[in-house]
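Pasted below: query-v4.cif, mmCIF, C-alpha atoms and all ligand atoms; chains and numbers go by the auth columns.
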data_structure
loop_
_atom_site.group_PDB
_atom_site.id
_atom_site.type_symbol
_atom_site.label_atom_id
_atom_site.label_comp_id
_atom_site.label_asym_id
_atom_site.label_seq_id
_atom_site.Cartn_x
_atom_site.Cartn_y
_atom_site.Cartn_z
_atom_site.B_iso_or_equiv
_atom_site.auth_seq_id
_atom_site.auth_asym_id
ATOM 1 C CA MET A 1 -108.458 180.260 -102.995 0.00 137 A
ATOM 2 C CA THR A 2 -110.762 179.854 -100.016 0.00 138 A
ATOM 3 C CA ARG A 3 -113.263 177.004 -99.890 0.00 139 A
ATOM 4 C CA ILE A 4 -116.453 177.429 -97.901 0.00 140 A
ATOM 5 C CA GLU A 5 -118.897 174.611 -97.298 0.00 141 A
ATOM 6 C CA PHE A 6 -122.268 175.384 -95.761 0.00 142 A
ATOM 7 C CA LEU A 7 -122.764 172.825 -92.999 0.00 143 A
ATOM 8 C CA GLY A 8 -126.122 174.319 -92.088 0.00 144 A
ATOM 9 C CA THR A 9 -128.270 177.241 -93.212 0.00 145 A
ATOM 10 C CA GLY A 10 -131.293 177.078 -90.906 0.00 146 A
ATOM 11 C CA THR A 11 -132.558 179.227 -88.087 0.00 147 A
ATOM 12 C CA SER A 12 -132.704 178.047 -84.470 0.00 148 A
ATOM 13 C CA HIS A 13 -135.578 175.550 -85.005 0.00 149 A
ATOM 14 C CA GLY A 14 -133.990 173.997 -88.067 0.00 150 A
ATOM 15 C CA VAL A 15 -136.136 173.169 -91.087 0.00 151 A
ATOM 16 C CA PRO A 16 -138.363 171.157 -91.052 0.00 152 A
ATOM 17 C CA VAL A 17 -139.645 172.383 -87.701 0.00 153 A
ATOM 18 C CA ILE A 18 -140.809 169.609 -85.365 0.00 154 A
ATOM 19 C CA GLY A 19 -144.563 169.149 -85.765 0.00 155 A
ATOM 20 C CA CYS A 20 -144.907 171.596 -88.666 0.00 156 A
ATOM 21 C CA HIS A 21 -146.536 170.494 -91.911 0.00 157 A
ATOM 22 C CA CYS A 22 -146.265 173.722 -93.885 0.00 158 A
ATOM 23 C CA PRO A 23 -145.240 173.519 -97.567 0.00 159 A
ATOM 24 C CA VAL A 24 -141.549 174.208 -96.825 0.00 160 A
ATOM 25 C CA CYS A 25 -141.333 171.738 -93.937 0.00 161 A
ATOM 26 C CA SER A 26 -143.029 169.137 -96.173 0.00 162 A
ATOM 27 C CA SER A 27 -140.965 169.973 -99.258 0.00 163 A
ATOM 28 C CA SER A 28 -139.019 167.235 -101.027 0.00 164 A
ATOM 29 C CA ASP A 29 -136.416 169.731 -102.278 0.00 165 A
ATOM 30 C CA PRO A 30 -133.189 168.814 -100.435 0.00 166 A
ATOM 31 C CA ARG A 31 -132.363 172.544 -100.247 0.00 167 A
ATOM 32 C CA ASP A 32 -135.351 172.972 -97.917 0.00 168 A
ATOM 33 C CA LYS A 33 -133.705 170.772 -95.263 0.00 169 A
ATOM 34 C CA ARG A 34 -131.866 173.350 -93.197 0.00 170 A
ATOM 35 C CA TRP A 35 -129.701 172.235 -90.302 0.00 171 A
ATOM 36 C CA ARG A 36 -128.489 174.819 -87.807 0.00 172 A
ATOM 37 C CA SER A 37 -126.214 177.465 -89.360 0.00 173 A
ATOM 38 C CA SER A 38 -122.496 176.806 -89.619 0.00 174 A
ATOM 39 C CA ILE A 39 -119.749 176.895 -92.231 0.00 175 A
ATOM 40 C CA CYS A 40 -116.483 175.070 -92.755 0.00 176 A
ATOM 41 C CA ILE A 41 -113.646 177.154 -94.208 0.00 177 A
ATOM 42 C CA THR A 42 -110.594 175.580 -95.824 0.00 178 A
ATOM 43 C CA LYS A 43 -107.540 177.351 -97.147 0.00 179 A
ATOM 44 C CA GLY A 44 -104.135 175.755 -97.724 0.00 180 A
ATOM 45 C CA THR A 45 -103.795 173.181 -94.968 0.00 181 A
ATOM 46 C CA THR A 46 -106.080 175.003 -92.522 0.00 182 A
ATOM 47 C CA THR A 47 -109.641 173.997 -91.653 0.00 183 A
ATOM 48 C CA VAL A 48 -111.823 176.166 -89.435 0.00 184 A
ATOM 49 C CA VAL A 49 -115.496 175.836 -88.530 0.00 185 A
ATOM 50 C CA ILE A 50 -117.695 178.735 -87.471 0.00 186 A
ATOM 51 C CA ASP A 51 -120.183 177.640 -84.769 0.00 187 A
ATOM 52 C CA THR A 52 -121.144 174.116 -83.733 0.00 188 A
ATOM 53 C CA GLY A 53 -124.918 173.744 -83.567 0.00 189 A
ATOM 54 C CA TYR A 54 -126.922 170.670 -82.585 0.00 190 A
ATOM 55 C CA GLU A 55 -126.187 168.826 -85.846 0.00 191 A
ATOM 56 C CA PHE A 56 -122.413 169.349 -85.722 0.00 192 A
ATOM 57 C CA ARG A 57 -121.678 165.602 -85.656 0.00 193 A
ATOM 58 C CA LEU A 58 -123.965 164.929 -88.622 0.00 194 A
ATOM 59 C CA GLN A 59 -122.599 167.946 -90.463 0.00 195 A
ATOM 60 C CA ALA A 60 -118.975 166.918 -89.922 0.00 196 A
ATOM 61 C CA LEU A 61 -119.717 163.404 -91.175 0.00 197 A
ATOM 62 C CA ARG A 62 -121.639 164.688 -94.198 0.00 198 A
ATOM 63 C CA ALA A 63 -118.854 167.123 -95.109 0.00 199 A
ATOM 64 C CA GLY A 64 -116.099 164.589 -94.419 0.00 200 A
ATOM 65 C CA ILE A 65 -114.304 166.807 -91.905 0.00 201 A
ATOM 66 C CA ASP A 66 -111.482 164.714 -90.472 0.00 202 A
ATOM 67 C CA LYS A 67 -109.201 167.477 -89.289 0.00 203 A
ATOM 68 C CA LEU A 68 -110.001 170.727 -87.534 0.00 204 A
ATOM 69 C CA ASP A 69 -107.627 173.511 -86.506 0.00 205 A
ATOM 70 C CA ALA A 70 -110.032 175.758 -84.598 0.00 206 A
ATOM 71 C CA VAL A 71 -113.639 176.782 -84.057 0.00 207 A
ATOM 72 C CA LEU A 72 -114.800 180.383 -84.149 0.00 208 A
ATOM 73 C CA TYR A 73 -117.959 181.247 -82.240 0.00 209 A
ATOM 74 C CA THR A 74 -120.274 184.071 -83.243 0.00 210 A
ATOM 75 C CA HIS A 75 -122.251 183.949 -79.981 0.00 211 A
ATOM 76 C CA GLN A 76 -123.496 181.559 -77.337 0.00 212 A
ATOM 77 C CA HIS A 77 -127.094 180.938 -78.434 0.00 213 A
ATOM 78 C CA SER A 78 -127.741 177.207 -78.255 0.00 214 A
ATOM 79 C CA ASP A 79 -128.366 176.778 -81.993 0.00 215 A
ATOM 80 C CA HIS A 80 -124.721 177.808 -82.509 0.00 216 A
ATOM 81 C CA LEU A 81 -123.201 175.965 -79.592 0.00 217 A
ATOM 82 C CA MET A 82 -124.793 172.757 -78.427 0.00 218 A
ATOM 83 C CA GLY A 83 -122.918 170.435 -80.766 0.00 219 A
ATOM 84 C CA LEU A 84 -119.724 171.447 -78.954 0.00 220 A
ATOM 85 C CA ASP A 85 -119.357 168.152 -77.130 0.00 221 A
ATOM 86 C CA ASP A 86 -118.683 166.314 -80.389 0.00 222 A
ATOM 87 C CA LEU A 87 -115.502 168.337 -80.846 0.00 223 A
ATOM 88 C CA ARG A 88 -113.865 165.812 -78.532 0.00 224 A
ATOM 89 C CA VAL A 89 -112.786 163.616 -81.457 0.00 225 A
ATOM 90 C CA PHE A 90 -110.504 166.467 -82.509 0.00 226 A
ATOM 91 C CA THR A 91 -108.933 166.889 -79.067 0.00 227 A
ATOM 92 C CA ASP A 92 -107.386 163.491 -78.367 0.00 228 A
ATOM 93 C CA LYS A 93 -103.795 164.598 -78.938 0.00 229 A
ATOM 94 C CA LYS A 94 -103.977 168.280 -78.125 0.00 230 A
ATOM 95 C CA LYS A 95 -106.411 170.936 -77.028 0.00 231 A
ATOM 96 C CA LEU A 96 -108.556 172.500 -79.737 0.00 232 A
ATOM 97 C CA PRO A 97 -108.458 176.308 -79.838 0.00 233 A
ATOM 98 C CA ILE A 98 -111.807 178.072 -79.808 0.00 234 A
ATOM 99 C CA TYR A 99 -112.155 181.770 -80.588 0.00 235 A
ATOM 100 C CA GLY A 100 -114.802 184.338 -79.717 0.00 236 A
ATOM 101 C CA PHE A 101 -115.582 187.512 -77.845 0.00 237 A
ATOM 102 C CA PRO A 102 -114.872 187.300 -74.066 0.00 238 A
ATOM 103 C CA SER A 103 -118.611 187.285 -73.272 0.00 239 A
ATOM 104 C CA THR A 104 -119.156 184.310 -75.599 0.00 240 A
ATOM 105 C CA LEU A 105 -116.192 182.328 -74.265 0.00 241 A
ATOM 106 C CA SER A 106 -117.182 182.860 -70.648 0.00 242 A
ATOM 107 C CA ALA A 107 -120.714 181.671 -71.428 0.00 243 A
ATOM 108 C CA ILE A 108 -119.273 178.590 -73.139 0.00 244 A
ATOM 109 C CA GLU A 109 -117.094 177.857 -70.103 0.00 245 A
ATOM 110 C CA ARG A 110 -120.115 178.216 -67.820 0.00 246 A
ATOM 111 C CA ILE A 111 -122.153 175.784 -69.944 0.00 247 A
ATOM 112 C CA PHE A 112 -119.340 173.266 -70.552 0.00 248 A
ATOM 113 C CA PRO A 113 -116.973 173.710 -67.561 0.00 249 A
ATOM 114 C CA TYR A 114 -115.538 170.200 -67.961 0.00 250 A
ATOM 115 C CA ALA A 115 -114.031 171.086 -71.363 0.00 251 A
ATOM 116 C CA PHE A 116 -111.642 173.540 -69.711 0.00 252 A
ATOM 117 C CA GLU A 117 -110.540 171.667 -66.572 0.00 253 A
ATOM 118 C CA GLU A 118 -106.832 170.996 -66.126 0.00 254 A
ATOM 119 C CA LEU A 119 -107.263 167.359 -65.124 0.00 255 A
ATOM 120 C CA PRO A 120 -110.376 166.518 -67.084 0.00 256 A
ATOM 121 C CA TYR A 121 -112.476 163.409 -66.859 0.00 257 A
ATOM 122 C CA LYS A 122 -111.427 161.064 -69.659 0.00 258 A
ATOM 123 C CA GLY A 123 -113.401 161.426 -72.888 0.00 259 A
ATOM 124 C CA VAL A 124 -114.397 165.082 -72.615 0.00 260 A
ATOM 125 C CA PRO A 125 -113.506 167.701 -75.242 0.00 261 A
ATOM 126 C CA ARG A 126 -110.382 169.625 -74.265 0.00 262 A
ATOM 127 C CA LEU A 127 -110.659 173.202 -75.406 0.00 263 A
ATOM 128 C CA GLU A 128 -108.415 176.242 -75.220 0.00 264 A
ATOM 129 C CA LYS A 129 -109.998 179.696 -75.135 0.00 265 A
ATOM 130 C CA HIS A 130 -108.707 182.496 -77.362 0.00 266 A
ATOM 131 C CA GLU A 131 -110.398 185.838 -76.843 0.00 267 A
ATOM 132 C CA VAL A 132 -110.695 187.967 -79.956 0.00 268 A
ATOM 133 C CA GLU A 133 -110.764 191.733 -80.009 0.00 269 A
ATOM 134 C CA GLU A 134 -113.148 193.706 -82.159 0.00 270 A
ATOM 135 C CA ARG A 135 -111.706 194.477 -85.605 0.00 271 A
ATOM 136 C CA LYS A 136 -108.235 193.224 -84.691 0.00 272 A
ATOM 137 C CA PRO A 137 -106.873 190.718 -87.246 0.00 273 A
ATOM 138 C CA PHE A 138 -105.542 187.339 -86.095 0.00 274 A
ATOM 139 C CA PHE A 139 -104.234 184.256 -87.862 0.00 275 A
ATOM 140 C CA ILE A 140 -105.278 180.640 -87.628 0.00 276 A
ATOM 141 C CA GLY A 141 -102.806 178.753 -89.806 0.00 277 A
ATOM 142 C CA ASP A 142 -103.163 180.038 -93.373 0.00 278 A
ATOM 143 C CA ILE A 143 -106.248 182.158 -92.733 0.00 279 A
ATOM 144 C CA GLU A 144 -106.384 185.717 -91.441 0.00 280 A
ATOM 145 C CA PHE A 145 -109.590 186.546 -89.593 0.00 281 A
ATOM 146 C CA MET A 146 -111.129 189.662 -88.134 0.00 282 A
ATOM 147 C CA ALA A 147 -114.111 189.765 -85.760 0.00 283 A
ATOM 148 C CA ILE A 148 -116.624 192.426 -86.719 0.00 284 A
ATOM 149 C CA PRO A 149 -119.066 193.386 -83.946 0.00 285 A
ATOM 150 C CA VAL A 150 -122.736 193.431 -84.973 0.00 286 A
ATOM 151 C CA MET A 151 -125.962 193.763 -83.011 0.00 287 A
ATOM 152 C CA HIS A 152 -128.239 190.705 -82.677 0.00 288 A
ATOM 153 C CA GLY A 153 -131.182 192.411 -81.021 0.00 289 A
ATOM 154 C CA MET A 154 -129.603 193.766 -77.823 0.00 290 A
ATOM 155 C CA MET A 155 -126.619 191.446 -77.964 0.00 291 A
ATOM 156 C CA ARG A 156 -123.254 192.497 -79.394 0.00 292 A
ATOM 157 C CA ILE A 157 -121.946 189.424 -81.216 0.00 293 A
ATOM 158 C CA ALA A 158 -119.218 188.568 -83.727 0.00 294 A
ATOM 159 C CA GLY A 159 -119.333 188.411 -87.487 0.00 295 A
ATOM 160 C CA TYR A 160 -116.112 187.157 -89.076 0.00 296 A
ATOM 161 C CA ARG A 161 -114.220 188.509 -92.029 0.00 297 A
ATOM 162 C CA PHE A 162 -111.560 186.451 -93.818 0.00 298 A
ATOM 163 C CA GLY A 163 -109.995 187.905 -96.948 0.00 299 A
ATOM 164 C CA ASN A 164 -112.726 189.519 -99.018 0.00 300 A
ATOM 165 C CA ILE A 165 -115.411 187.304 -97.494 0.00 301 A
ATOM 166 C CA ALA A 166 -117.622 187.987 -94.466 0.00 302 A
ATOM 167 C CA TYR A 167 -119.857 185.638 -92.485 0.00 303 A
ATOM 168 C CA ILE A 168 -122.435 187.602 -90.527 0.00 304 A
ATOM 169 C CA THR A 169 -125.290 185.571 -89.136 0.00 305 A
ATOM 170 C CA ASP A 170 -127.839 186.466 -86.440 0.00 306 A
ATOM 171 C CA ALA A 171 -127.694 190.217 -86.911 0.00 307 A
ATOM 172 C CA SER A 172 -130.181 193.048 -86.947 0.00 308 A
ATOM 173 C CA ASN A 173 -127.675 195.908 -87.278 0.00 309 A
ATOM 174 C CA ILE A 174 -124.159 195.846 -88.732 0.00 310 A
ATOM 175 C CA LEU A 175 -123.094 199.071 -86.983 0.00 311 A
ATOM 176 C CA PHE A 176 -121.999 200.445 -90.337 0.00 312 A
ATOM 177 C CA GLU A 177 -120.466 203.686 -89.078 0.00 313 A
ATOM 178 C CA GLU A 178 -118.068 202.101 -86.586 0.00 314 A
ATOM 179 C CA ASN A 179 -117.320 199.122 -88.858 0.00 315 A
ATOM 180 C CA LYS A 180 -116.990 201.054 -92.092 0.00 316 A
ATOM 181 C CA GLU A 181 -113.300 200.379 -92.586 0.00 317 A
ATOM 182 C CA ALA A 182 -113.493 196.758 -91.447 0.00 318 A
ATOM 183 C CA LEU A 183 -116.301 196.125 -93.922 0.00 319 A
ATOM 184 C CA SER A 184 -114.693 197.825 -96.872 0.00 320 A
ATOM 185 C CA GLY A 185 -113.594 195.574 -99.732 0.00 321 A
ATOM 186 C CA ILE A 186 -115.892 192.683 -98.801 0.00 322 A
ATOM 187 C CA ARG A 187 -116.993 191.074 -102.059 0.00 323 A
ATOM 188 C CA THR A 188 -118.666 187.897 -100.834 0.00 324 A
ATOM 189 C CA LEU A 189 -121.181 188.407 -98.043 0.00 325 A
ATOM 190 C CA ILE A 190 -122.839 185.503 -96.260 0.00 326 A
ATOM 191 C CA ILE A 191 -125.588 187.069 -94.205 0.00 327 A
ATOM 192 C CA GLY A 192 -128.358 185.890 -91.915 0.00 328 A
ATOM 193 C CA ALA A 193 -131.783 186.551 -93.462 0.00 329 A
ATOM 194 C CA LEU A 194 -134.605 184.971 -91.500 0.00 330 A
ATOM 195 C CA ARG A 195 -137.769 185.628 -93.506 0.00 331 A
ATOM 196 C CA ASP A 196 -139.885 188.463 -94.961 0.00 332 A
ATOM 197 C CA LYS A 197 -141.651 189.481 -91.765 0.00 333 A
ATOM 198 C CA PRO A 198 -139.613 191.876 -89.602 0.00 334 A
ATOM 199 C CA HIS A 199 -137.930 190.375 -86.547 0.00 335 A
ATOM 200 C CA TRP A 200 -136.324 192.236 -83.647 0.00 336 A
ATOM 201 C CA SER A 201 -133.006 190.382 -83.745 0.00 337 A
ATOM 202 C CA HIS A 202 -132.625 189.127 -87.336 0.00 338 A
ATOM 203 C CA PHE A 203 -132.530 190.767 -90.745 0.00 339 A
ATOM 204 C CA THR A 204 -135.297 190.117 -93.239 0.00 340 A
ATOM 205 C CA PHE A 205 -134.335 189.263 -96.833 0.00 341 A
ATOM 206 C CA LYS A 206 -134.898 192.862 -97.853 0.00 342 A
ATOM 207 C CA GLU A 207 -132.809 194.249 -94.979 0.00 343 A
ATOM 208 C CA ALA A 208 -130.009 191.784 -95.750 0.00 344 A
ATOM 209 C CA ILE A 209 -129.900 193.058 -99.342 0.00 345 A
ATOM 210 C CA GLU A 210 -129.810 196.647 -98.075 0.00 346 A
ATOM 211 C CA VAL A 211 -126.780 195.710 -95.962 0.00 347 A
ATOM 212 C CA ALA A 212 -125.084 194.131 -98.984 0.00 348 A
ATOM 213 C CA ASP A 213 -125.751 197.283 -101.009 0.00 349 A
ATOM 214 C CA LEU A 214 -124.365 199.455 -98.224 0.00 350 A
ATOM 215 C CA ILE A 215 -121.176 197.403 -98.014 0.00 351 A
ATOM 216 C CA GLY A 216 -120.953 197.058 -101.799 0.00 352 A
ATOM 217 C CA ALA A 217 -120.750 193.250 -101.707 0.00 353 A
ATOM 218 C CA GLU A 218 -121.207 191.644 -105.122 0.00 354 A
ATOM 219 C CA ASP A 219 -121.944 188.043 -104.175 0.00 355 A
ATOM 220 C CA VAL A 220 -124.579 187.665 -101.494 0.00 356 A
ATOM 221 C CA TYR A 221 -125.726 184.443 -99.825 0.00 357 A
ATOM 222 C CA PHE A 222 -128.588 184.253 -97.334 0.00 358 A
ATOM 223 C CA THR A 223 -128.268 181.860 -94.399 0.00 359 A
ATOM 224 C CA HIS A 224 -130.055 181.237 -91.042 0.00 360 A
ATOM 225 C CA ILE A 225 -133.329 180.961 -92.975 0.00 361 A
ATOM 226 C CA ASN A 226 -136.578 179.817 -91.354 0.00 362 A
ATOM 227 C CA HIS A 227 -139.408 177.698 -92.734 0.00 363 A
ATOM 228 C CA ALA A 228 -141.515 180.502 -94.209 0.00 364 A
ATOM 229 C CA THR A 229 -139.673 180.564 -97.538 0.00 365 A
ATOM 230 C CA SER A 230 -138.589 177.745 -99.863 0.00 366 A
ATOM 231 C CA ALA A 231 -135.278 177.646 -101.708 0.00 367 A
ATOM 232 C CA ASN A 232 -137.221 177.902 -104.966 0.00 368 A
ATOM 233 C CA GLU A 233 -139.020 181.040 -103.850 0.00 369 A
ATOM 234 C CA ILE A 234 -135.756 182.657 -102.702 0.00 370 A
ATOM 235 C CA GLU A 235 -134.256 181.859 -106.086 0.00 371 A
ATOM 236 C CA SER A 236 -137.130 183.288 -108.074 0.00 372 A
ATOM 237 C CA ARG A 237 -137.451 186.441 -105.996 0.00 373 A
ATOM 238 C CA PHE A 238 -133.898 187.462 -105.208 0.00 374 A
ATOM 239 C CA LEU A 239 -131.682 186.356 -108.096 0.00 375 A
ATOM 240 C CA PRO A 240 -129.465 187.829 -109.393 0.00 376 A
ATOM 241 C CA ARG A 241 -128.871 190.159 -106.428 0.00 377 A
ATOM 242 C CA ALA A 242 -128.742 187.423 -103.781 0.00 378 A
ATOM 243 C CA LYS A 243 -128.735 183.648 -103.577 0.00 379 A
ATOM 244 C CA GLY A 244 -130.116 181.422 -100.878 0.00 380 A
ATOM 245 C CA ALA A 245 -127.370 179.276 -99.407 0.00 381 A
ATOM 246 C CA TYR A 246 -128.358 175.682 -98.714 0.00 382 A
ATOM 247 C CA ASP A 247 -126.775 172.854 -96.739 0.00 383 A
ATOM 248 C CA THR A 248 -123.825 171.242 -98.608 0.00 384 A
ATOM 249 C CA LEU A 249 -123.375 174.230 -100.960 0.00 385 A
ATOM 250 C CA VAL A 250 -119.666 174.808 -101.618 0.00 386 A
ATOM 251 C CA LEU A 251 -118.155 178.140 -102.666 0.00 387 A
ATOM 252 C CA GLU A 252 -114.647 178.447 -104.053 0.00 388 A
ATOM 253 C CA VAL A 253 -113.751 182.101 -103.611 0.00 389 A
ATOM 254 C CA ASP A 254 -110.781 183.767 -105.207 0.00 390 A
ATOM 255 C CA ASP A 255 -109.443 185.903 -102.374 0.00 391 A
ATOM 256 C CA ASP A 256 -107.036 187.884 -104.560 0.00 392 A
ATOM 257 C CA ARG A 257 -109.759 189.722 -106.456 0.00 393 A
HETATM 258 ZN ZN ZN B . -129.010 181.519 -84.473 0.00 401 A
HETATM 259 ZN ZN ZN B . -142.956 174.693 -91.378 0.00 402 A
HETATM 260 ZN ZN ZN B . -128.703 183.974 -82.021 0.00 403 A
#
Here is the file; what I need is its structure written in the form of C-alpha cells.
Ligand SMILES: [Zn+2]
Ligand SMILES: [Zn+2]
Ligand SMILES: [Zn+2]
Amino acid sequence: MTRIEFLGTGTSHGVPVIGCHCPVCSSSDPRDKRWRSSICITKGTTTVVIDTGYEFRLQALRAGIDKLDAVLYTHQHSDHLMGLDDLRVFTDKKKLPIYGFPSTLSAIERIFPYAFEELPYKGVPRLEKHEVEERKPFFIGDIEFMAIPVMHGMMRIAGYRFGNIAYITDASNILFEENKEALSGIRTLIIGALRDKPHWSHFTFKEAIEVADLIGAEDVYFTHINHATSANEIESRFLPRAKGAYDTLVLEVDDDR
C-alpha cells in the first residue's frame, strides 16, 4: 500500500492569487485554497516528498511530517523549490538526499550553494545530490522510483513513477513514443492540468484527460490548478473520468493491482 498526501495542488501563483477577487479566489470552499504543488509519499517506513515550494514549512506542519528520507525534484522553477531552506530541520544528524535530473540539481546548487558546502555555516540545510537517469529505476528505502522525462514548454523535466502510480506535473508533452514502456501499467495518474485555456507549457484539463486515455490510466487526479476553475466545477465537469486533487487529500493506493 502506498499513501499519497497532496501537500499542495496549485499553480505557481497559488490560489487565491494576491490581489485577485475572482469567484475562485474568494471562494469559501477549502478545496479552492491551493498551495504550491507537492506530494508526500509514504510506504513502509519510507517518507519521500516531491518538490518543496514556498509553503513547504506550512505543508509539513499541516501534514504532520516529522521524518523525511529524501526529496525528489521535478524541476527548478521557484514554485517547486523555494521552500528548500526549511528542509534544514531534517538535516541535523545527517545530510538529506535530494534527487533530480543533473540540470535541476546544478540549478539548485547555484541557487542554494551553502546547502552543499563541506564546512557549512551552522544552521543551514545540508543536502546530498543524487542525479537520476531517465527511465532508470532507483530505490529510496521501501519505494522504487523511475524518472520519466516530459516536456514543460521547452524544458525537459522529470515526472516520477512509483509502482503503478505516476506524478507528472508541469508538462505540455509526455513524449509518449519514447516513454511508452516506462508509462505502461500506470493505473493512478496525478497530472498537472492548469485550466481550460491552452497554455504553452502546461496541459489543459482536456489535454490531461487525453494523456490519461493514451496511457490507459484508470484513476486520474488533476493538480497544479490555477484560479480559473473551482473544485466544484472540476467535479461537475470531469467526474467520473478525472478528479480534481485538493490540498490535504489522501490516497491509499494498492500497488499490487
Ligand atoms: Zn509549477
Ligand atoms: Zn482569482
Ligand atoms: Zn514549472
TODO: Go through the chains and note each residue within 12 Å of ligand ZN 403 (chain A), using all atoms listed in the file, then give the set as a ChimeraX atom specification.
DONE: /A:146-149,172-173,187,189,209-217,240,286-295,304-308,328,330,336-339,360
Open item on the list: Considering all atoms listed in the file, can you say which of A:Gly236, A:Pro152, A:Pro256, A:Gly180 comes closest to ligand ZN 402 (chain A)?
Closed with: A:Pro152
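Going from atom CA of A:Pro334 to atom CA of A:Pro285 covers 21.4 Å.
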Open item on the list: Once the PyMOL selection byres (((not hetatm)) within 6 of (chain A and resi 402)) is applied to the coordinates I shared, what remains selected? I want it as a ChimeraX atom specification.
Closed with: /A:152-153,156-158,160-161,363
TODO: One decimal, Å: what's the distance from atom CA of A:Leu223 over to atom CA of A:Tyr250, could you say?
DONE: 13.0 Å
Open item on the list: So, with only C-alpha atoms as the atoms that count, which of A:Leu319, A:Ser366, A:Arg373, A:Phe312 lies closest to A:Lys342?
Closed with: A:Arg373
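Distance annotation: of A:Leu143, A:Thr178, A:Lys169, A:Leu385, the residue with the minimal separation from A:Leu197 is A:Leu143; atom set is all atoms listed in the file.
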- [ ] Quick one: apply the PyMOL selection byres (((chain A and resi 352) around 10) and not hetatm) to the file and drop the selected residues here as a PyMOL selection string.
- [x] chain A and resi 319-325+346-351+353-355
TODO: Take the PyMOL selection byres (((chain A and resi 263) around 8) and not hetatm), apply it to the structure above, and return the hits as a ChimeraX atom specification.
DONE: /A:227,231-234,251-252,261-262,264-265
